>>> print(open('protein28.txt').read())   # compact mmCIF, C-alpha atoms
# COMPACT_ATOMS: atom_id res chain seq x y z
CA MET J 1 -197.21 101.40 83.42
CA ALA J 2 -197.21 99.38 80.22
CA ASP J 3 -197.96 100.75 76.76
CA VAL J 4 -199.95 98.58 74.41
CA THR J 5 -199.85 98.94 70.63
CA ASP J 6 -201.85 97.74 67.66
CA GLN J 7 -199.41 94.79 67.55
CA THR J 8 -199.73 93.78 71.20
CA PHE J 9 -203.39 94.69 71.85
CA ASP J 10 -204.68 91.20 71.15
CA THR J 11 -202.36 89.36 73.53
CA GLU J 12 -202.08 92.05 76.21
CA VAL J 13 -205.70 93.18 76.39
CA LEU J 14 -208.14 90.86 74.66
CA GLN J 15 -206.59 87.60 75.83
CA SER J 16 -205.82 88.75 79.36
CA ASP J 17 -207.37 86.60 82.09
CA LYS J 18 -207.64 89.66 84.34
CA PRO J 19 -209.75 92.76 83.70
CA VAL J 20 -207.79 95.39 81.77
CA LEU J 21 -208.18 99.15 82.00
CA VAL J 22 -207.01 100.85 78.79
CA ASP J 23 -206.28 104.60 78.78
CA PHE J 24 -206.63 105.90 75.20
CA TRP J 25 -204.52 109.05 75.04
CA ALA J 26 -202.29 111.28 72.92
CA VAL J 27 -199.40 113.64 73.51
CA TRP J 28 -201.28 116.70 72.22
CA CYS J 29 -204.28 116.26 74.50
CA GLY J 30 -204.05 118.47 77.61
CA PRO J 31 -206.59 116.57 79.72
CA CYS J 32 -204.78 113.30 78.86
CA GLN J 33 -201.70 114.68 80.63
CA VAL J 34 -203.94 115.05 83.68
CA GLN J 35 -205.39 111.56 83.30
CA GLY J 36 -201.98 109.87 82.98
CA PRO J 37 -200.85 110.26 86.60
CA ILE J 38 -204.33 109.30 87.83
CA VAL J 39 -204.16 106.05 85.88
CA GLU J 40 -200.71 105.37 87.39
CA GLU J 41 -202.30 105.71 90.84
CA VAL J 42 -205.13 103.40 89.83
CA ALA J 43 -202.57 100.79 88.76
CA ALA J 44 -200.86 101.03 92.16
CA ALA J 45 -204.18 100.85 94.01
CA VAL J 46 -205.61 97.77 92.26
CA GLY J 47 -202.35 95.81 92.33
CA ASP J 48 -202.76 92.29 90.94
CA LYS J 49 -206.53 92.41 90.60
CA ALA J 50 -206.46 94.12 87.22
CA LYS J 51 -204.09 95.20 84.51
CA VAL J 52 -203.73 98.89 83.65
CA VAL J 53 -202.26 99.94 80.29
CA LYS J 54 -202.31 102.89 77.92
CA LEU J 55 -202.65 103.15 74.17
CA ASN J 56 -201.39 106.12 72.17
CA VAL J 57 -204.15 106.75 69.61
CA ASP J 58 -201.82 108.71 67.36
CA GLU J 59 -199.44 105.79 66.92
CA ASN J 60 -202.07 103.05 67.05
CA PRO J 61 -204.93 104.08 64.78
CA VAL J 62 -206.25 100.56 64.21
CA ASN J 63 -207.55 99.99 67.72
CA ALA J 64 -208.53 103.63 68.24
CA GLN J 65 -210.79 103.26 65.21
CA LYS J 66 -211.96 99.75 66.06
CA TYR J 67 -213.30 100.95 69.42
CA GLY J 68 -214.79 104.12 67.92
CA ILE J 69 -212.66 106.52 69.92
CA MET J 70 -213.75 110.06 69.03
CA SER J 71 -212.85 111.81 72.26
CA ILE J 72 -209.87 111.49 74.58
CA PRO J 73 -209.08 110.66 77.21
CA THR J 74 -211.33 107.61 76.94
CA LEU J 75 -210.94 104.81 79.47
CA MET J 76 -212.25 101.35 78.67
CA VAL J 77 -212.47 98.28 80.85
CA PHE J 78 -212.07 94.96 79.03
CA ASN J 79 -213.18 91.66 80.51
CA ARG J 80 -212.22 88.53 78.56
CA GLY J 81 -212.03 90.45 75.30
CA ALA J 82 -215.23 92.46 75.67
CA VAL J 83 -215.70 96.10 76.63
CA THR J 84 -217.63 96.16 79.89
CA LYS J 85 -217.36 99.84 80.79
CA GLN J 86 -216.35 103.09 79.16
CA PHE J 87 -215.53 106.51 80.62
CA ILE J 88 -215.12 109.61 78.47
CA GLY J 89 -213.14 112.59 79.73
CA VAL J 90 -210.90 112.90 82.79
CA THR J 91 -212.08 110.32 85.30
CA SER J 92 -211.17 110.21 88.97
CA LYS J 93 -209.07 107.56 90.66
CA ASP J 94 -211.94 106.58 92.97
CA THR J 95 -214.34 105.96 90.09
CA LEU J 96 -211.83 103.82 88.20
CA VAL J 97 -210.70 101.83 91.23
CA ALA J 98 -214.31 101.17 92.21
CA GLU J 99 -215.06 99.89 88.71
CA LEU J 100 -212.04 97.56 88.70
CA ASN J 101 -212.83 96.25 92.18
CA LYS J 102 -216.35 95.24 91.20
CA MET G 1 -200.58 120.44 110.99
CA THR G 2 -202.27 123.67 109.97
CA TYR G 3 -201.30 125.33 106.70
CA ASP G 4 -200.98 129.08 106.45
CA VAL G 5 -202.76 129.04 103.11
CA ILE G 6 -204.77 126.47 101.21
CA ILE G 7 -205.28 127.35 97.57
CA ILE G 8 -208.14 125.65 95.80
CA GLY G 9 -207.54 125.47 92.07
CA SER G 10 -204.53 125.15 89.80
CA GLY G 11 -204.93 127.52 86.87
CA PRO G 12 -203.06 130.83 86.49
CA ALA G 13 -204.87 132.36 89.52
CA GLY G 14 -204.10 129.44 91.85
CA TYR G 15 -200.48 128.97 90.78
CA THR G 16 -199.70 132.68 90.90
CA ALA G 17 -201.18 132.87 94.40
CA ALA G 18 -199.09 129.83 95.40
CA LEU G 19 -195.97 131.40 93.92
CA TYR G 20 -196.39 134.48 96.08
CA THR G 21 -197.34 132.70 99.31
CA SER G 22 -194.59 130.09 99.04
CA ARG G 23 -192.00 132.75 98.26
CA ALA G 24 -193.17 134.49 101.44
CA PHE G 25 -192.35 131.24 103.32
CA LEU G 26 -196.00 130.60 104.09
CA LYS G 27 -196.88 126.93 104.43
CA THR G 28 -198.89 126.47 101.25
CA LEU G 29 -201.05 123.62 99.96
CA VAL G 30 -202.56 123.67 96.47
CA LEU G 31 -205.54 121.36 95.92
CA SER G 32 -205.59 121.08 92.17
CA GLY G 33 -209.09 119.76 91.54
CA LEU G 34 -210.66 117.58 88.89
CA GLU G 35 -209.12 119.47 85.99
CA PRO G 36 -205.57 120.30 87.13
CA GLY G 37 -204.24 123.23 85.14
CA GLY G 38 -207.76 124.37 84.35
CA GLN G 39 -208.98 125.83 81.09
CA LEU G 40 -205.48 126.47 79.72
CA THR G 41 -205.01 122.71 79.36
CA THR G 42 -207.51 122.61 76.49
CA THR G 43 -206.27 125.66 74.59
CA THR G 44 -203.70 125.82 71.83
CA GLU G 45 -201.39 128.74 71.13
CA VAL G 46 -201.61 131.53 73.72
CA ASP G 47 -200.54 134.79 72.07
CA ASN G 48 -201.81 137.26 74.67
CA PHE G 49 -199.79 136.30 77.74
CA PRO G 50 -196.88 138.74 77.75
CA GLY G 51 -193.33 137.46 77.94
CA PHE G 52 -193.64 134.87 75.19
CA PRO G 53 -192.86 136.74 71.97
CA LYS G 54 -193.51 133.66 69.85
CA GLY G 55 -196.59 132.59 71.81
CA ILE G 56 -196.73 129.53 74.05
CA MET G 57 -199.01 126.50 74.10
CA GLY G 58 -201.61 126.77 76.88
CA PRO G 59 -200.83 123.38 78.50
CA GLN G 60 -197.10 124.25 78.49
CA LEU G 61 -197.75 127.64 80.10
CA VAL G 62 -199.64 126.15 83.01
CA THR G 63 -197.16 123.26 83.39
CA ASP G 64 -194.37 125.83 83.62
CA MET G 65 -196.34 127.72 86.28
CA LYS G 66 -196.62 124.51 88.29
CA THR G 67 -192.88 123.83 88.00
CA GLN G 68 -192.13 127.36 89.14
CA VAL G 69 -194.40 126.99 92.17
CA GLU G 70 -192.85 123.64 93.15
CA ARG G 71 -189.43 125.32 93.19
CA PHE G 72 -190.52 127.34 96.23
CA GLY G 73 -191.86 124.43 98.21
CA ALA G 74 -195.63 124.63 97.82
CA GLU G 75 -197.30 121.24 98.21
CA ILE G 76 -199.63 120.25 95.38
CA LYS G 77 -202.22 117.50 95.78
CA GLN G 78 -204.62 116.34 93.13
CA GLU G 79 -207.76 116.36 95.24
CA VAL G 80 -211.20 117.81 94.75
CA VAL G 81 -212.58 120.03 97.50
CA THR G 82 -216.10 119.26 98.64
CA GLY G 83 -216.54 121.77 101.47
CA ILE G 84 -215.04 124.40 103.77
CA ASN G 85 -215.90 124.82 107.46
CA LYS G 86 -214.95 127.74 109.62
CA GLY G 87 -213.89 127.22 113.21
CA THR G 88 -210.82 128.71 114.86
CA VAL G 89 -209.17 127.70 111.58
CA PHE G 90 -210.67 126.66 108.25
CA THR G 91 -211.23 122.96 107.64
CA VAL G 92 -211.08 122.10 103.95
CA THR G 93 -212.65 118.75 103.10
CA THR G 94 -211.78 116.71 100.01
CA GLN G 95 -213.13 113.34 98.92
CA ASN G 96 -210.62 111.48 101.10
CA ASN G 97 -209.04 113.95 103.48
CA GLU G 98 -209.40 116.97 105.70
CA TYR G 99 -206.88 119.78 105.88
CA THR G 100 -206.78 122.83 108.11
CA ALA G 101 -205.55 126.29 107.23
CA LYS G 102 -205.50 129.82 108.59
CA THR G 103 -206.54 131.26 105.22
CA VAL G 104 -208.08 129.93 102.03
CA ILE G 105 -207.75 131.25 98.49
CA VAL G 106 -210.49 130.10 96.14
CA ALA G 107 -209.21 129.95 92.55
CA THR G 108 -211.46 127.26 91.13
CA GLY G 109 -212.08 128.96 87.80
CA ALA G 110 -214.87 127.98 85.49
CA SER G 111 -215.76 124.96 83.40
CA ALA G 112 -217.21 124.62 79.93
CA MET G 113 -220.98 124.63 79.66
CA TYR G 114 -223.01 122.13 77.70
CA LEU G 115 -226.38 122.72 76.08
CA GLY G 116 -228.11 120.37 78.49
CA LEU G 117 -229.88 118.29 75.83
CA PRO G 118 -230.37 114.54 76.39
CA SER G 119 -229.17 113.90 72.82
CA GLU G 120 -225.99 115.80 73.59
CA GLU G 121 -225.29 113.68 76.68
CA ARG G 122 -226.01 110.48 74.76
CA LEU G 123 -223.65 111.38 71.90
CA LYS G 124 -220.73 112.66 74.01
CA GLY G 125 -217.64 110.93 72.74
CA LYS G 126 -219.59 109.86 69.64
CA GLY G 127 -219.24 113.12 67.79
CA VAL G 128 -220.12 115.60 70.55
CA SER G 129 -217.03 117.15 72.11
CA GLY G 130 -216.16 119.95 74.48
CA CYS G 131 -212.50 120.04 73.49
CA ALA G 132 -211.40 120.62 69.90
CA THR G 133 -207.71 120.35 70.71
CA CYS G 134 -208.28 116.89 72.22
CA ASP G 135 -210.68 115.46 69.69
CA GLY G 136 -210.17 117.34 66.39
CA PHE G 137 -207.77 114.58 65.35
CA PHE G 138 -210.65 112.07 65.11
CA PHE G 139 -212.50 114.23 62.57
CA ARG G 140 -209.97 114.16 59.77
CA GLY G 141 -211.82 114.70 56.48
CA LYS G 142 -215.15 115.08 58.27
CA VAL G 143 -217.59 117.99 58.24
CA VAL G 144 -217.88 119.59 61.68
CA THR G 145 -219.77 122.31 63.52
CA VAL G 146 -218.71 124.60 66.35
CA ILE G 147 -221.47 126.01 68.56
CA GLY G 148 -220.80 129.42 70.10
CA GLY G 149 -219.80 132.99 69.35
CA GLY G 150 -216.88 133.81 71.62
CA ASP G 151 -213.12 133.55 71.35
CA THR G 152 -213.20 129.86 72.23
CA ALA G 153 -215.55 129.15 69.31
CA MET G 154 -213.32 131.06 66.89
CA GLU G 155 -210.16 129.39 68.20
CA GLU G 156 -211.70 125.92 67.98
CA ALA G 157 -213.04 126.53 64.45
CA THR G 158 -209.66 127.74 63.25
CA PHE G 159 -207.94 124.79 64.92
CA LEU G 160 -210.37 122.29 63.39
CA THR G 161 -209.52 123.39 59.83
CA LYS G 162 -206.28 121.43 60.36
CA PHE G 163 -208.39 118.28 60.05
CA SER G 164 -211.75 119.21 58.62
CA PRO G 165 -212.42 120.50 55.09
CA LYS G 166 -215.55 122.34 56.23
CA VAL G 167 -216.22 123.92 59.61
CA THR G 168 -219.47 125.74 60.38
CA ILE G 169 -219.84 128.11 63.31
CA VAL G 170 -223.41 128.12 64.63
CA HIS G 171 -224.35 131.04 66.85
CA ARG G 172 -227.69 131.97 68.40
CA ARG G 173 -227.30 135.70 67.74
CA ASP G 174 -225.85 137.73 64.88
CA GLU G 175 -223.40 139.60 67.07
CA PHE G 176 -220.26 137.93 68.33
CA ARG G 177 -218.62 138.17 71.71
CA ALA G 178 -215.30 137.10 70.17
CA SER G 179 -212.46 139.61 69.94
CA ALA G 180 -212.00 141.37 66.59
CA ILE G 181 -208.75 139.56 65.77
CA MET G 182 -210.16 136.08 66.43
CA LEU G 183 -213.40 136.75 64.55
CA ASP G 184 -211.50 138.24 61.63
CA ARG G 185 -209.20 135.21 61.38
CA ALA G 186 -212.22 132.87 61.24
CA LYS G 187 -214.08 135.04 58.74
CA LYS G 188 -211.10 135.20 56.40
CA ASP G 189 -210.74 131.42 56.34
CA ASP G 190 -212.74 130.04 53.42
CA ARG G 191 -213.03 126.63 55.09
CA ILE G 192 -215.10 128.27 57.85
CA SER G 193 -218.70 129.36 57.30
CA PHE G 194 -221.20 130.98 59.66
CA LEU G 195 -224.82 130.25 60.56
CA THR G 196 -226.22 132.99 62.78
CA ASN G 197 -229.49 133.41 64.69
CA LYS G 198 -229.74 129.64 64.99
CA ILE G 199 -230.50 127.81 68.22
CA VAL G 200 -229.52 124.15 68.57
CA GLU G 201 -232.66 122.18 69.40
CA GLU G 202 -231.33 118.65 69.12
CA ILE G 203 -228.24 116.72 68.17
CA LEU G 204 -229.15 114.04 65.67
CA GLY G 205 -227.77 110.53 65.31
CA ASP G 206 -228.22 107.06 66.79
CA THR G 207 -224.76 105.70 67.38
CA GLU G 208 -222.86 108.74 66.15
CA VAL G 209 -223.61 112.34 65.25
CA THR G 210 -225.20 112.83 61.82
CA GLY G 211 -226.56 116.36 62.16
CA ILE G 212 -228.10 119.07 64.29
CA ARG G 213 -231.65 120.39 64.41
CA LEU G 214 -231.71 124.19 64.34
CA LYS G 215 -234.39 126.70 65.13
CA ASP G 216 -234.16 130.16 63.60
CA ALA G 217 -234.17 132.71 66.43
CA LYS G 218 -236.22 135.18 64.37
CA THR G 219 -238.59 133.12 62.23
CA GLY G 220 -238.84 129.99 64.37
CA GLU G 221 -238.20 127.87 61.29
CA ILE G 222 -236.76 124.41 62.02
CA THR G 223 -234.04 122.94 59.80
CA ASP G 224 -231.78 119.91 60.01
CA TYR G 225 -228.15 120.59 59.23
CA PRO G 226 -225.85 117.66 58.45
CA THR G 227 -222.61 117.43 60.44
CA GLN G 228 -220.38 114.64 61.74
CA GLY G 229 -218.97 116.47 64.72
CA VAL G 230 -220.35 119.01 67.20
CA PHE G 231 -217.88 121.04 69.24
CA LEU G 232 -219.38 123.06 72.07
CA ALA G 233 -217.97 126.47 72.91
CA ILE G 234 -220.97 128.19 74.47
CA GLY G 235 -219.29 129.69 77.50
CA HIS G 236 -218.32 128.78 81.02
CA LYS G 237 -219.85 128.64 84.45
CA PRO G 238 -217.94 129.28 87.69
CA SER G 239 -216.95 126.14 89.58
CA THR G 240 -218.32 127.24 92.94
CA GLY G 241 -221.05 124.73 93.81
CA PHE G 242 -219.19 123.57 96.93
CA LEU G 243 -219.14 127.16 98.26
CA GLN G 244 -222.92 127.43 98.55
CA GLY G 245 -223.63 128.58 102.10
CA VAL G 246 -219.94 129.20 102.83
CA VAL G 247 -219.34 132.56 101.14
CA GLU G 248 -221.71 134.83 99.25
CA LEU G 249 -222.16 133.97 95.57
CA ASP G 250 -223.93 136.14 93.01
CA PRO G 251 -227.02 134.78 91.20
CA LYS G 252 -224.82 133.26 88.49
CA GLY G 253 -222.57 131.55 91.01
CA TYR G 254 -219.58 133.90 90.91
CA VAL G 255 -217.89 134.48 94.27
CA VAL G 256 -218.61 137.95 95.59
CA VAL G 257 -215.42 139.74 96.61
CA LYS G 258 -215.36 143.01 98.49
CA ARG G 259 -213.43 145.10 95.94
CA GLY G 260 -212.92 147.63 98.76
CA VAL G 261 -213.69 151.22 97.92
CA SER G 262 -210.36 152.37 99.25
CA PRO G 263 -207.48 151.37 96.98
CA LEU G 264 -205.67 150.35 100.14
CA ALA G 265 -208.34 147.81 101.13
CA ALA G 266 -208.10 144.10 100.37
CA GLN G 267 -209.74 143.67 96.97
CA THR G 268 -210.05 139.89 96.96
CA GLU G 269 -211.60 139.14 100.36
CA THR G 270 -214.91 137.30 100.22
CA THR G 271 -217.78 137.82 102.65
CA VAL G 272 -215.89 135.55 105.09
CA PRO G 273 -212.73 137.14 106.53
CA GLY G 274 -209.76 134.89 105.78
CA ILE G 275 -211.25 133.44 102.60
CA PHE G 276 -210.06 135.17 99.44
CA ALA G 277 -210.94 134.52 95.80
CA ALA G 278 -209.32 135.17 92.43
CA GLY G 279 -209.60 134.34 88.74
CA ASP G 280 -212.52 133.19 86.64
CA CYS G 281 -214.57 132.10 89.68
CA VAL G 282 -215.00 135.80 90.57
CA ASP G 283 -214.77 137.30 87.11
CA PRO G 284 -217.64 137.18 84.61
CA ARG G 285 -216.14 140.04 82.60
CA TYR G 286 -212.48 139.71 81.62
CA ARG G 287 -211.79 135.96 81.90
CA GLN G 288 -208.19 136.07 80.74
CA ALA G 289 -205.23 134.03 81.96
CA ILE G 290 -203.26 137.20 82.63
CA VAL G 291 -206.10 138.74 84.66
CA ALA G 292 -206.49 135.55 86.67
CA ALA G 293 -202.74 135.53 87.34
CA GLY G 294 -202.90 139.16 88.48
CA GLN G 295 -205.82 138.47 90.79
CA GLY G 296 -204.04 135.40 92.16
CA CYS G 297 -201.17 137.68 93.14
CA MET G 298 -203.60 140.09 94.79
CA ALA G 299 -205.29 137.31 96.75
CA ALA G 300 -201.91 136.04 97.96
CA MET G 301 -200.90 139.51 99.14
CA ASP G 302 -204.28 140.02 100.82
CA ALA G 303 -203.88 136.66 102.59
CA GLU G 304 -200.36 137.62 103.71
CA LYS G 305 -201.66 140.88 105.20
CA TYR G 306 -204.46 139.01 106.93
CA LEU G 307 -202.02 136.50 108.43
CA GLU G 308 -199.72 139.28 109.63
CA ALA G 309 -202.63 141.04 111.28
CA HIS G 310 -203.55 137.75 112.98
CA GLY G 311 -200.09 137.06 114.32
CA THR G 312 -198.39 134.89 111.68
CA GLU G 313 -194.87 135.93 110.74
CA VAL G 314 -194.67 136.66 107.02
CA HIS G 315 -191.42 137.18 105.11
CA ALA G 316 -192.63 138.91 102.00
>>> encode(input="protein28.txt", output="structure tokens")
Amino acid sequence: MADVTDQTFDTEVLQSDKPVLVDFWAVWCGPCQVQGPIVEEVAAAVGDKAKVVKLNVDENPVNAQKYGIMSIPTLMVFNRGAVTKQFIGVTSKDTLVAELNK
Amino acid sequence: MTYDVIIIGSGPAGYTAALYTSRAFLKTLVLSGLEPGGQLTTTTEVDNFPGFPKGIMGPQLVTDMKTQVERFGAEIKQEVVTGINKGTVFTVTTQNNEYTAKTVIVATGASAMYLGLPSEERLKGKGVSGCATCDGFFFRGKVVTVIGGGDTAMEEATFLTKFSPKVTIVHRRDEFRASAIMLDRAKKDDRISFLTNKIVEEILGDTEVTGIRLKDAKTGEITDYPTQGVFLAIGHKPSTGFLQGVVELDPKGYVVVKRGVSPLAAQTETTVPGIFAAGDCVDPRYRQAIVAAGQGCMAAMDAEKYLEAHGTEVHA
């Protein structure tokens, strides 16, 4: 699954023509280690319908701050540059897939 | 295919049980639940689990337990159990699947409690957090508050001083449940202050936390206390909702185990023969990783005995 950074966020997420699920995470966050594999499964389940990426908040403070991340894991769905849904805390595969399939 | 043992939960109790059953060549499935690894995944340094003279990080400890279990062939699936039915074997239902097993070990642990205020729910992720180790990073230079009086509250407050210049512990009584060493460490830290006999009435803020409204437990006086972050550490409740009507639970939701009077009796059997329980879901008193691990071992050995008595070959 692809990593996005402060440098690539604009092209990879905001300008994407497909919905994008972004997993905001960090190495030192225990629940994020749980969320990671779930997000991988979500990516496999939605296939071409949506893009699934992760952003390390430690290394990419600009976007973490821009989107007001104060708790991780946070999962955000972007549609044509706008945040359309946000989940805070470990979120199940079913919930995320259902959101992306809407 | 019917498993010999299904273990529900993946903290120290569940993984220790799985270690014992898989080493006894019992066909073992671990269903790891919504928070795989359990409460250890949100802790920092664990200094009271013997065998690690320099301490070990909680998430690492539980990851190592998982790796050890996998070595002996237990299957681990990240699914959440929604129910158990008893027939000739037990049918364990998850969101997407059904599995059958001759015995079940419940090791679902406990999850952090919230205050239950609408303002708290609204400001979650906007300054309200249940996990200091996850979210402390976002409060660099900010003034924060920890609610609670136990070891978790002390640990979180001490951890938060890495980021925050001023941490206040707010507790509804003036006595602390925290262990002497943890309380002492917090009290000696001049970045940490204490507000006791204060009950949180409301979390204040529109788009992010700006303060908390406190009521004095003795005088009833209401005050607003400014803070930019609220970390909740007010205790845990057993994760046993799905067991309602399956096995007996006590009024607080803990699984009732027999704790047989004879030291030779199975100590972890629930009110349903063949279902055993271990760890924080049965234990309102000790609630330690090492105790949970010990009980997980007991449950595994009780399940082995039960299987032997019911005609399954066990190679302990």
>>> interface_residues(input="protein28.txt", of="chain G", to="chain J", cutoff="8 Å", atoms="all atoms listed in the file", output="PyMOL selection string")
chain G and resi 34-36+41-42+59+124-127+129+133-135+138-139
>>> residues_around(input="protein28.txt", residues="Val314 of chain G", least_positions_apart="5", cutoff="7 Å", atoms="all atoms listed in the file", output="JSON, numbers by chain")
{"G": [24, 25, 26, 304, 308]}
>>> residues_around(input="protein28.txt", residues="Val52 of chain J", least_positions_apart="5", cutoff="6 Å", atoms="all atoms listed in the file", output="list in words")
Val20, Leu21 and Ala43 of chain J
>>> closest_residue(input="protein28.txt", among="J:Ala50, J:Met76, J:Leu100, J:Val83", to="Lys18 of chain J", atoms="all atoms listed in the file")
J:Ala50
>>> atom_distance(input="protein28.txt", atom1="atom CA of Ala107 of chain G", atom2="atom CA of Val81 of chain G")
11.6 Å
>>> atom_distance(input="protein28.txt", atom1="atom CA of Lys187 of chain G", atom2="atom CA of Gly109 of chain G")
29.8 Å
>>> residues_around(input="protein28.txt", residues="Gly81 of chain J", least_positions_apart="3", cutoff="12 Å", atoms="only C-alpha atoms", output="CSV table (one decimal) with C-alpha atoms, in the frame of the given file")
chain,number,residue,atom,x,y,z
J,9,PHE,CA,-203.4,94.7,71.8
J,10,ASP,CA,-204.7,91.2,71.2
J,11,THR,CA,-202.4,89.4,73.5
J,12,GLU,CA,-202.1,92.0,76.2
J,13,VAL,CA,-205.7,93.2,76.4
J,14,LEU,CA,-208.1,90.9,74.7
J,15,GLN,CA,-206.6,87.6,75.8
J,16,SER,CA,-205.8,88.8,79.4
J,17,ASP,CA,-207.4,86.6,82.1
J,18,LYS,CA,-207.6,89.7,84.3
J,19,PRO,CA,-209.8,92.8,83.7
J,20,VAL,CA,-207.8,95.4,81.8
J,21,LEU,CA,-208.2,99.2,82.0
J,76,MET,CA,-212.2,101.4,78.7
J,77,VAL,CA,-212.5,98.3,80.8
J,78,PHE,CA,-212.1,95.0,79.0
J,84,THR,CA,-217.6,96.2,79.9
>>> atom_distance(input="protein28.txt", atom1="atom CA of Tyr20 of chain G", atom2="atom CA of Val104 of chain G")
13.9 Å
>>> axis_aligned_box(input="protein28.txt", around="segment 1-4 of chain J", padding_each_side="8 Å", output="JSON")
{"center_x": -198.6, "center_y": 100.0, "center_z": 78.9, "size_x": 18.7, "size_y": 18.8, "size_z": 25.0}
>>> build_atoms(input="protein28.txt", residues="segment 125-140 of chain G", atoms="N, CA and C atoms", output="compact mmCIF listing (two decimals), in the coordinates of the input")
# COMPACT_ATOMS: atom_id res chain seq x y z
N GLY G 125 -218.63 111.93 73.09
CA GLY G 125 -217.64 110.93 72.74
C GLY G 125 -218.02 110.15 71.48
N LYS G 126 -219.16 110.50 70.91
CA LYS G 126 -219.59 109.86 69.64
C LYS G 126 -219.86 110.94 68.61
N GLY G 127 -219.09 112.01 68.72
CA GLY G 127 -219.24 113.12 67.79
C GLY G 127 -219.49 114.45 68.50
N VAL G 128 -219.96 114.38 69.75
CA VAL G 128 -220.12 115.60 70.55
C VAL G 128 -218.88 115.75 71.42
N SER G 129 -218.26 116.94 71.36
CA SER G 129 -217.03 117.15 72.11
C SER G 129 -217.01 118.53 72.73
N GLY G 130 -216.35 118.65 73.85
CA GLY G 130 -216.16 119.95 74.48
C GLY G 130 -214.73 120.42 74.34
N CYS G 131 -213.92 119.71 73.56
CA CYS G 131 -212.50 120.04 73.49
C CYS G 131 -211.95 119.76 72.09
N ALA G 132 -211.88 120.81 71.28
CA ALA G 132 -211.40 120.62 69.90
C ALA G 132 -209.94 120.18 69.86
N THR G 133 -209.13 120.71 70.77
CA THR G 133 -207.71 120.35 70.71
C THR G 133 -207.50 118.87 71.06
N CYS G 134 -208.42 118.31 71.88
CA CYS G 134 -208.28 116.89 72.22
C CYS G 134 -208.80 116.00 71.09
N ASP G 135 -209.93 116.39 70.52
CA ASP G 135 -210.68 115.46 69.69
C ASP G 135 -210.69 115.78 68.20
N GLY G 136 -210.17 116.95 67.81
CA GLY G 136 -210.17 117.34 66.39
C GLY G 136 -209.56 116.27 65.51
N PHE G 137 -208.50 115.65 66.01
CA PHE G 137 -207.77 114.58 65.35
C PHE G 137 -208.69 113.47 64.80
N PHE G 138 -209.77 113.18 65.52
CA PHE G 138 -210.65 112.07 65.11
C PHE G 138 -211.63 112.47 64.01
N PHE G 139 -211.54 113.73 63.57
CA PHE G 139 -212.50 114.23 62.57
C PHE G 139 -211.80 114.60 61.27
N ARG G 140 -210.71 113.92 61.01
CA ARG G 140 -209.97 114.16 59.77
C ARG G 140 -210.87 113.88 58.57
